[in-house]
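Data first, discussion second: the structure below is written as structure tokens.
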Amino acid sequence: MLKSKTFVKKTRSGGVMKIVREHYLRDDIWCGSEVCSECKQESTVLQRDACIESNLCPFPHYLVPDTNVVLHQIDVLEDPVIRNVIILQTVMQEVRHRSAPVYKRLKDLIHDKEKHFYTFTNEHHRETFIEREPGESANDRNDRAIRVAAKWYSQHLKTPEAEAEGLRVVLITNDQGNKAKAEESGLLVYRCEEYIKSLIANPELVDRLALSNNEQNEISSSKVLFPEHLPLSRIQAGIKSGTFLQGTFRASRDNYLEATVFVQGEGEDSTEIILQGLQNLNRAVHQDVVAVQLLPRDQWVAPSSVVLQDDGVPKDDETNEEEDGRRKRKPTGKVVGIIKRNWRPFCGMLNVSQIKESTRHLFTPADRRIPRIRIETRQASTLAGQRIMVAIDGWPKHSRYPNGHFVRSLGSAGDKETETEVLLLEHDVPHQAFSQAVLSFLPKMPWTITPEDMVKREDLRQLTVCSVDPPGCTDIDDALHCRELDNGNFEVGVHIADVSHFIRPGNALDKEAANRGTTVYLCGRRIDMVPELLSSNLCSLRSNVERMAFSCIWEMNHNAEILKTRFTKSVINSKASLTYAEAQMRIDDTSMNDDITKSLRGLNKLAKILKRRRIENGALTLSSLEVRFHIDSETHDPIDLQTKELMETNSMVEEFMLLANISVAQKIYDEFSECALLRKHPAPPPSNYDILIKAAKSKGLEIHTDSAKALADSLDVAKVDGFSYFNTLLRILATRCMMQAVYFCSGMDSDFHHYGLASSIYTHFTSPIRRYSDIIVHRLLAVAIGADSTYPDLMDKHKQSALCNNLNYRHKMAQYAQRASVAFHTQLFFKNRGILNEEGFILFVRKNAIIVLIPKFGLEGTVFFDGKGKTGVNLRFDEEVPSLTVEQHTFHMFDKVNVTISLDDSNIQHQKIRMALLEPVIPGVSVPAPEVEPQPKKPKLDR
């Protein structure tokens, strides 16, 4: 059956276009119920024995939730108790339009066979499709469509079998008007809350109910604490006129009364606005998109230098910080409205109320940038000591904290598995097992290279190729070879795992890898971007097995100058899988002269020339301390902690990876100027270098930052007599001044420069097992050399740009997750070691604290001077030097100090490394020190 609607539309040229919209209706769409004898269906989803026990509905029943119930109560629907649910097509379409995250969760529920969720395409069923009536809003029409479909189900399932069992259909809605109309038409209908409260066997489900606005206002105080948020219409008009600015709200980790809003502008016109005080923060939550109004210039402030944590006691609305007149004031504003909430379920712990039998409690998120959340729960005693997840429902203007609801428990706080789950969830790292749909695209085992695979592929199995990696590496992306040619030049090859041969565009495996974006390396655990069969086996360039590769091969002279470059798909057979230490030993051992060792020596010689030339051209050599844990094989606890030692072979491999990335970047850009996936590293704004320049000046040194070359030269000569570690500290500080490197599409940007590498063009080609960006680059290169065919998305610069945005987000989150894992394992390491005394250096001074680096452990911590028990300590902060005078002693950046290190586990949610000052001894400042938390290190520049 066909419904069609015809209407005319004016075109831009003034003509008229006739448009016909056709809507096909069918009468053979299955209802999905096993008790139905009328529908001809091969399998059923809705089961008679999967019904829920309810004292409101003490009979078998199917649930039909409306759109708002799905949107707001998805946490309840996900509970294993809730089964036999009919999701109407009308609801699916509305949810998809209004919330992508909820839509994805809903699809997962429908695919979960244990849940018995059935999608009914009511919009194409002859008896359930309805036309929108004149004057009827789209929302009212959809509510009516849901009622009509529920009514149809009630009639359709009145079979003798269903009647005998008493099977009913229950509509769930929180809309009073919708509920009243449903009751008028004879439907069985309940509000979500009353239905969930009727599930007497599962009282804990009530905790998972999201609060409505009315319920939230009921539990708030009568006193108005925050300004009203402006409606979206006024916000949009204000942004258009320039009265308001739109940006992303970023809460401070160190000061709960301060945040910044980043306002994206054209080129270098982006700006950062400071917000200080609860009123000006006005209920925005970290990562919300907000509208901000600038305050008059005489109300502008400087960023706070105080490290201030919210201890849960409501305080004044101000930071009470008297700013030094010399401090630079910055644009300051206030939040006037929320454009887009970026809320997600948050991990943390419950602060159980001291009021006896109270059901209202405060939840403290693990992320310090998220405010505490008020929830209602009847299982507080059970949840005490557990890591739990909580979702925010709203934040009324009468409430000091947002209101939310319990989602689920993750396990005991402090447990390694639980804490790892928390850090993966908090950093949005996809870590679920690969689905059957994804695994179905893996090659069937046993797998061998076939004659078809050799088409357009070069046989390089005879070459002396070897890999050099960290110990225990199983996902080997890259291998190298070097041999002398008859003409006296060198042939050097970088051979990269040909992952794109196994992962074809657009299938489930490809989509999953694109979503994950990167492999995440935690301490003692790896979350793979692609299934293990590929990452550790078929793609991994292990020794003495044939593997498919993508090779970049140069002819070079003895001065490492490139004479020829070629790219080819290949087959290799690696002759050795070496660690950096093993490769170094071969190079240094003069008695070894086999082909592998000769190859390594040739590579090492050329790499030193390449590195020297790169540095002469202005590439930066920065520093960041990386730590390695030695893990007990039985308990999996860290038993030793040391900073990683870098060898010549680390640099050797890195130089050829950089060279391959640059060569490939130029090739794909030459071939595809509009859609090449490249990587750039923006030059930092001059203000980023202020702290570096001041730190060097305090030691009588000058740092020039006009260019990367000027900075590199300045760092090379920055030395202090008798202080050998000074230059390393300065380079660590310089790393903190850098911007993040990012992926971008060449057709959407004009600035390609990589500041840190001093390269005019760059990409990522050398790690396709662990980075999805490299898979795309492989596909582009394969098309460029005629080794593979293209596909539409690869040539679409807008889709490439959207992909780059996801990759940049995933890489940033992976870095944060890795740092959080190091911080957690550092705490485990110090747990049973009592108090240690160690030498450290001051990296930063703050108004009330010094931040100390312990080189031995690669550990940073903060020593406070105005914490508990430290009242009356005389502090003077000078930001220009910068320095902090405590009583009579002045601390400068890079000063050497001795501290005690211990673990404070009194707060199980935020266990902390505590540092206390041993030397210099300052009267009135006693040991032990107040709480501190390891500060995350910035990542290495780029690889």
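Identifiers in this document derive from the order of the structure tokens: chains are assigned A, B, ..., residues are numbered from 1 separately in each chain, and ligands are numbered from 1 in order of occurrence.
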message: For range 104-119 of chain A, find every residue with an atom within 6 Å (counting only C-alpha atoms), except residues of its own chain fewer than 2 positions away, and show them as a list of chain:residue names.
response: A:Val45, A:Leu46, A:Arg83, A:Asn84, A:Val85, A:Ile86, A:Ile87, A:Leu88, A:Pro101, A:Val102
Per-residue DSSP, range 648-695 of chain A, filtered to alpha helix (DSSP H), as a ChimeraX atom specification: /A:648-671,690-695
Take the residues from that selection and write them out as an mmCIF file, in the first residue's frame, keeping N, CA and C atoms.
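Saved the output as result34.cif:
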```cif
data_model
loop_
_atom_site.group_PDB
_atom_site.id
_atom_site.type_symbol
_atom_site.label_atom_id
_atom_site.label_comp_id
_atom_site.auth_asym_id
_atom_site.auth_seq_id
_atom_site.Cartn_x
_atom_site.Cartn_y
_atom_site.Cartn_z
ATOM 1 N N GLU A 648 70.955 4.658 22.235
ATOM 2 C CA GLU A 648 71.135 5.094 20.852
ATOM 3 C C GLU A 648 70.125 4.426 19.931
ATOM 4 N N THR A 649 69.816 3.149 20.218
ATOM 5 C CA THR A 649 68.901 2.417 19.334
ATOM 6 C C THR A 649 67.483 2.966 19.378
ATOM 7 N N ASN A 650 67.080 3.560 20.531
ATOM 8 C CA ASN A 650 65.769 4.239 20.575
ATOM 9 C C ASN A 650 65.732 5.339 19.533
ATOM 10 N N SER A 651 66.809 6.126 19.524
ATOM 11 C CA SER A 651 66.900 7.249 18.595
ATOM 12 C C SER A 651 67.018 6.749 17.154
ATOM 13 N N MET A 652 67.737 5.638 16.963
ATOM 14 C CA MET A 652 67.911 5.074 15.614
ATOM 15 C C MET A 652 66.556 4.738 14.986
ATOM 16 N N VAL A 653 65.737 4.006 15.731
ATOM 17 C CA VAL A 653 64.413 3.631 15.218
ATOM 18 C C VAL A 653 63.575 4.885 14.977
ATOM 19 N N GLU A 654 63.603 5.803 15.941
ATOM 20 C CA GLU A 654 62.787 7.006 15.834
ATOM 21 C C GLU A 654 63.123 7.810 14.575
ATOM 22 N N GLU A 655 64.413 7.949 14.259
ATOM 23 C CA GLU A 655 64.807 8.756 13.094
ATOM 24 C C GLU A 655 64.219 8.207 11.807
ATOM 25 N N PHE A 656 64.240 6.888 11.648
ATOM 26 C CA PHE A 656 63.711 6.321 10.401
ATOM 27 C C PHE A 656 62.188 6.316 10.366
ATOM 28 N N MET A 657 61.549 6.239 11.541
ATOM 29 C CA MET A 657 60.088 6.369 11.559
ATOM 30 C C MET A 657 59.694 7.794 11.160
ATOM 31 N N LEU A 658 60.409 8.782 11.689
ATOM 32 C CA LEU A 658 60.119 10.180 11.329
ATOM 33 C C LEU A 658 60.323 10.398 9.837
ATOM 34 N N LEU A 659 61.424 9.838 9.314
ATOM 35 C CA LEU A 659 61.726 10.022 7.893
ATOM 36 C C LEU A 659 60.652 9.372 7.023
ATOM 37 N N ALA A 660 60.200 8.164 7.400
ATOM 38 C CA ALA A 660 59.138 7.485 6.639
ATOM 39 C C ALA A 660 57.852 8.301 6.684
ATOM 40 N N ASN A 661 57.520 8.828 7.851
ATOM 41 C CA ASN A 661 56.289 9.619 7.983
ATOM 42 C C ASN A 661 56.332 10.868 7.097
ATOM 43 N N ILE A 662 57.500 11.515 7.044
ATOM 44 C CA ILE A 662 57.641 12.726 6.221
ATOM 45 C C ILE A 662 57.552 12.367 4.738
ATOM 46 N N SER A 663 58.239 11.290 4.323
ATOM 47 C CA SER A 663 58.220 10.871 2.906
ATOM 48 C C SER A 663 56.804 10.517 2.462
ATOM 49 N N VAL A 664 56.081 9.783 3.289
ATOM 50 C CA VAL A 664 54.713 9.374 2.950
ATOM 51 C C VAL A 664 53.786 10.587 2.935
ATOM 52 N N ALA A 665 53.954 11.494 3.888
ATOM 53 C CA ALA A 665 53.115 12.703 3.944
ATOM 54 C C ALA A 665 53.205 13.477 2.633
ATOM 55 N N GLN A 666 54.444 13.645 2.129
ATOM 56 C CA GLN A 666 54.636 14.390 0.883
ATOM 57 C C GLN A 666 53.981 13.673 -0.293
ATOM 58 N N LYS A 667 54.100 12.337 -0.308
ATOM 59 C CA LYS A 667 53.541 11.545 -1.411
ATOM 60 C C LYS A 667 52.012 11.626 -1.443
ATOM 61 N N ILE A 668 51.363 11.425 -0.297
ATOM 62 C CA ILE A 668 49.882 11.430 -0.322
ATOM 63 C C ILE A 668 49.344 12.842 -0.552
ATOM 64 N N TYR A 669 50.093 13.874 -0.102
ATOM 65 C CA TYR A 669 49.636 15.249 -0.360
ATOM 66 C C TYR A 669 49.792 15.600 -1.842
ATOM 67 N N ASP A 670 50.893 15.149 -2.444
ATOM 68 C CA ASP A 670 51.089 15.399 -3.889
ATOM 69 C C ASP A 670 49.977 14.764 -4.716
ATOM 70 N N GLU A 671 49.530 13.578 -4.285
ATOM 71 C CA GLU A 671 48.493 12.856 -5.029
ATOM 72 C C GLU A 671 47.080 13.337 -4.692
ATOM 73 N N ASP A 690 56.158 32.290 28.873
ATOM 74 C CA ASP A 690 56.458 33.214 29.976
ATOM 75 C C ASP A 690 57.172 32.509 31.127
ATOM 76 N N ILE A 691 56.633 31.361 31.556
ATOM 77 C CA ILE A 691 57.182 30.666 32.724
ATOM 78 C C ILE A 691 58.592 30.155 32.429
ATOM 79 N N LEU A 692 58.842 29.696 31.200
ATOM 80 C CA LEU A 692 60.163 29.192 30.810
ATOM 81 C C LEU A 692 61.189 30.323 30.813
ATOM 82 N N ILE A 693 60.797 31.465 30.248
ATOM 83 C CA ILE A 693 61.700 32.621 30.184
ATOM 84 C C ILE A 693 62.037 33.114 31.588
ATOM 85 N N LYS A 694 61.008 33.185 32.465
ATOM 86 C CA LYS A 694 61.236 33.647 33.842
ATOM 87 C C LYS A 694 62.138 32.683 34.611
ATOM 88 N N ALA A 695 61.910 31.378 34.405
ATOM 89 C CA ALA A 695 62.712 30.374 35.110
ATOM 90 C C ALA A 695 64.179 30.478 34.721
#
```
message: So that I can see what lies close to range 236-243 of chain A, please list as a ChimeraX atom specification the residues with an atom at most 9 Å from it, counting only C-alpha atoms and leaving out residues fewer than 2 positions away in the same chain.
response: /A:231-234,245-246,291-294,339
Same residues, N, CA and C atoms, output as a short mmCIF file (atom, residue, chain, number, x, y, z; two decimals), in the first residue's frame:
```cif
data_model
loop_
_atom_site.label_atom_id
_atom_site.label_comp_id
_atom_site.auth_asym_id
_atom_site.auth_seq_id
_atom_site.Cartn_x
_atom_site.Cartn_y
_atom_site.Cartn_z
N PRO A 231 16.94 31.76 28.19
CA PRO A 231 16.42 30.81 27.20
C PRO A 231 17.30 30.81 25.95
N LEU A 232 17.25 29.70 25.21
CA LEU A 232 18.11 29.52 24.04
C LEU A 232 17.90 30.61 22.99
N SER A 233 16.65 31.08 22.84
CA SER A 233 16.36 32.11 21.84
C SER A 233 17.14 33.39 22.15
N ARG A 234 17.18 33.78 23.44
CA ARG A 234 17.92 35.00 23.83
C ARG A 234 19.43 34.78 23.69
N LEU A 245 29.33 35.35 24.18
CA LEU A 245 30.30 34.52 23.48
C LEU A 245 30.01 33.06 23.78
N GLN A 246 30.21 32.21 22.78
CA GLN A 246 29.98 30.77 22.96
C GLN A 246 31.31 30.05 23.08
N ALA A 291 27.14 29.90 27.11
CA ALA A 291 27.14 31.29 26.65
C ALA A 291 27.69 32.14 27.79
N VAL A 292 28.64 33.00 27.46
CA VAL A 292 29.33 33.80 28.47
C VAL A 292 29.18 35.28 28.13
N GLN A 293 28.99 36.08 29.18
CA GLN A 293 28.97 37.53 29.01
C GLN A 293 30.23 38.09 29.67
N LEU A 294 30.96 38.92 28.94
CA LEU A 294 32.17 39.52 29.52
C LEU A 294 31.79 40.55 30.57
N ILE A 339 24.24 26.09 26.45
CA ILE A 339 23.86 25.78 25.07
C ILE A 339 23.74 24.28 24.87
#
```
message: Residues near Ile496 in chain A, anyone? I mean within 6 Å using only C-alpha atoms, not counting same-chain ones fewer than 4 positions away, as a count of residues only.
response: 5
- request: Might you pull out every residue within 12 Å of Ser358 in chain A, with only C-alpha atoms counted and same-chain residues fewer than 5 positions away left off, and present them as a VMD selection string?
  value: chain A and resid 352 to 353 375 to 381
Counting only C-alpha atoms, what is within 9 Å of Tyr743 in chain A, bar same-chain residues fewer than 6 positions away, as a PDB file with C-alpha atoms, in the first residue's frame?
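The resulting file, out-v6.pdb, is reproduced below:
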```pdb
ATOM      1  CA  LEU A 677      45.314  12.918   6.421  1.00  0.00           C
ATOM      2  CA  LEU A 678      48.248  14.850   7.906  1.00  0.00           C
ATOM      3  CA  ARG A 679      49.539  15.758  11.349  1.00  0.00           C
ATOM      4  CA  LYS A 680      50.600  19.214  12.460  1.00  0.00           C
ATOM      5  CA  HIS A 681      52.082  20.706  15.589  1.00  0.00           C
ATOM      6  CA  THR A 763      51.780  12.347   8.960  1.00  0.00           C
ATOM      7  CA  HIS A 764      51.538   9.010  10.785  1.00  0.00           C
ATOM      8  CA  SER A 773      45.160   7.364  11.393  1.00  0.00           C
ATOM      9  CA  SER A 801      37.959  16.062   8.924  1.00  0.00           C
ATOM     10  CA  CYS A 804      40.382  13.526  12.486  1.00  0.00           C
ATOM     11  CA  ASN A 805      38.310  15.148  15.261  1.00  0.00           C
ATOM     12  CA  LEU A 807      41.119  10.559  16.402  1.00  0.00           C
ATOM     13  CA  ASN A 808      42.383  13.683  18.195  1.00  0.00           C
TER      14      ASN A 808
END
```
Taking only range 571-690 of chain A into account, list the residues labelled strand (DSSP E) by DSSP (computed from the backbone), as a tab-separated table (two decimals) with C-alpha atoms, in the first residue's frame.
```
chain	number	residue	atom	x	y	z
A	571	VAL	CA	56.10	-9.62	1.80
A	572	ILE	CA	58.93	-9.79	4.36
A	573	ASN	CA	60.41	-12.37	6.70
A	576	ALA	CA	65.16	-11.06	14.37
A	577	SER	CA	62.84	-9.40	16.91
A	578	LEU	CA	65.21	-7.45	19.13
A	579	THR	CA	64.81	-5.23	22.18
A	627	VAL	CA	58.65	5.48	34.29
A	628	ARG	CA	58.72	1.71	33.96
A	629	PHE	CA	57.15	-0.60	36.56
A	630	HIS	CA	58.48	-4.05	37.29
A	631	ILE	CA	55.36	-6.11	38.04
A	638	PRO	CA	54.49	-3.08	41.10
A	639	ILE	CA	57.67	-4.19	42.92
A	640	ASP	CA	60.07	-1.66	41.40
A	641	LEU	CA	59.75	1.73	39.78
A	642	GLN	CA	62.41	3.44	37.70
A	643	THR	CA	62.68	6.01	34.95
A	677	LEU	CA	45.31	12.92	6.42
A	678	LEU	CA	48.25	14.85	7.91
A	679	ARG	CA	49.54	15.76	11.35
A	680	LYS	CA	50.60	19.21	12.46
```
Residues at most 8 Å from range 885-890 of chain A, counting only C-alpha atoms, excluding those fewer than 6 positions away in the same chain, as a PDB file with N, CA and C atoms, in the first residue's frame?
```pdb
ATOM      1  N   PHE A 865      51.824  25.026  51.988  1.00  0.00           N
ATOM      2  CA  PHE A 865      52.295  25.768  53.166  1.00  0.00           C
ATOM      3  C   PHE A 865      51.168  26.451  53.922  1.00  0.00           C
ATOM      4  N   VAL A 873      51.570  30.752  59.064  1.00  0.00           N
ATOM      5  CA  VAL A 873      52.820  30.742  58.302  1.00  0.00           C
ATOM      6  C   VAL A 873      52.831  31.962  57.389  1.00  0.00           C
ATOM      7  N   ASN A 874      53.931  32.703  57.420  1.00  0.00           N
ATOM      8  CA  ASN A 874      54.045  33.945  56.645  1.00  0.00           C
ATOM      9  C   ASN A 874      54.482  33.614  55.216  1.00  0.00           C
ATOM     10  N   LEU A 875      53.604  33.897  54.214  1.00  0.00           N
ATOM     11  CA  LEU A 875      53.902  33.584  52.820  1.00  0.00           C
ATOM     12  C   LEU A 875      53.938  34.858  51.972  1.00  0.00           C
ATOM     13  N   ARG A 876      54.942  34.952  51.092  1.00  0.00           N
ATOM     14  CA  ARG A 876      55.011  36.061  50.127  1.00  0.00           C
ATOM     15  C   ARG A 876      55.318  35.487  48.747  1.00  0.00           C
ATOM     16  N   PHE A 877      54.402  35.721  47.800  1.00  0.00           N
ATOM     17  CA  PHE A 877      54.530  35.146  46.457  1.00  0.00           C
ATOM     18  C   PHE A 877      54.914  36.247  45.479  1.00  0.00           C
ATOM     19  N   ILE A 922      62.451  24.852  57.825  1.00  0.00           N
ATOM     20  CA  ILE A 922      61.845  26.177  58.027  1.00  0.00           C
ATOM     21  C   ILE A 922      61.081  26.160  59.338  1.00  0.00           C
ATOM     22  N   PRO A 923      61.431  27.032  60.278  1.00  0.00           N
ATOM     23  CA  PRO A 923      60.719  27.083  61.564  1.00  0.00           C
ATOM     24  C   PRO A 923      59.225  27.320  61.342  1.00  0.00           C
TER      25      PRO A 923
END
```
task: Grab the CA of Glu184 in chain A to CA of Asp75 in chain A distance for me, in Å with one decimal place.
output: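 These two atoms are separated by 29.9 Å.
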query: When distances are computed from only C-alpha atoms, which of A:Pro505, A:Val70, A:Thr159, A:Phe765 shows the smallest separation from Cys39 in chain A?
result: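 Nearest candidate to Cys39 in chain A out of A:Pro505, A:Val70, A:Thr159, A:Phe765: A:Thr159.
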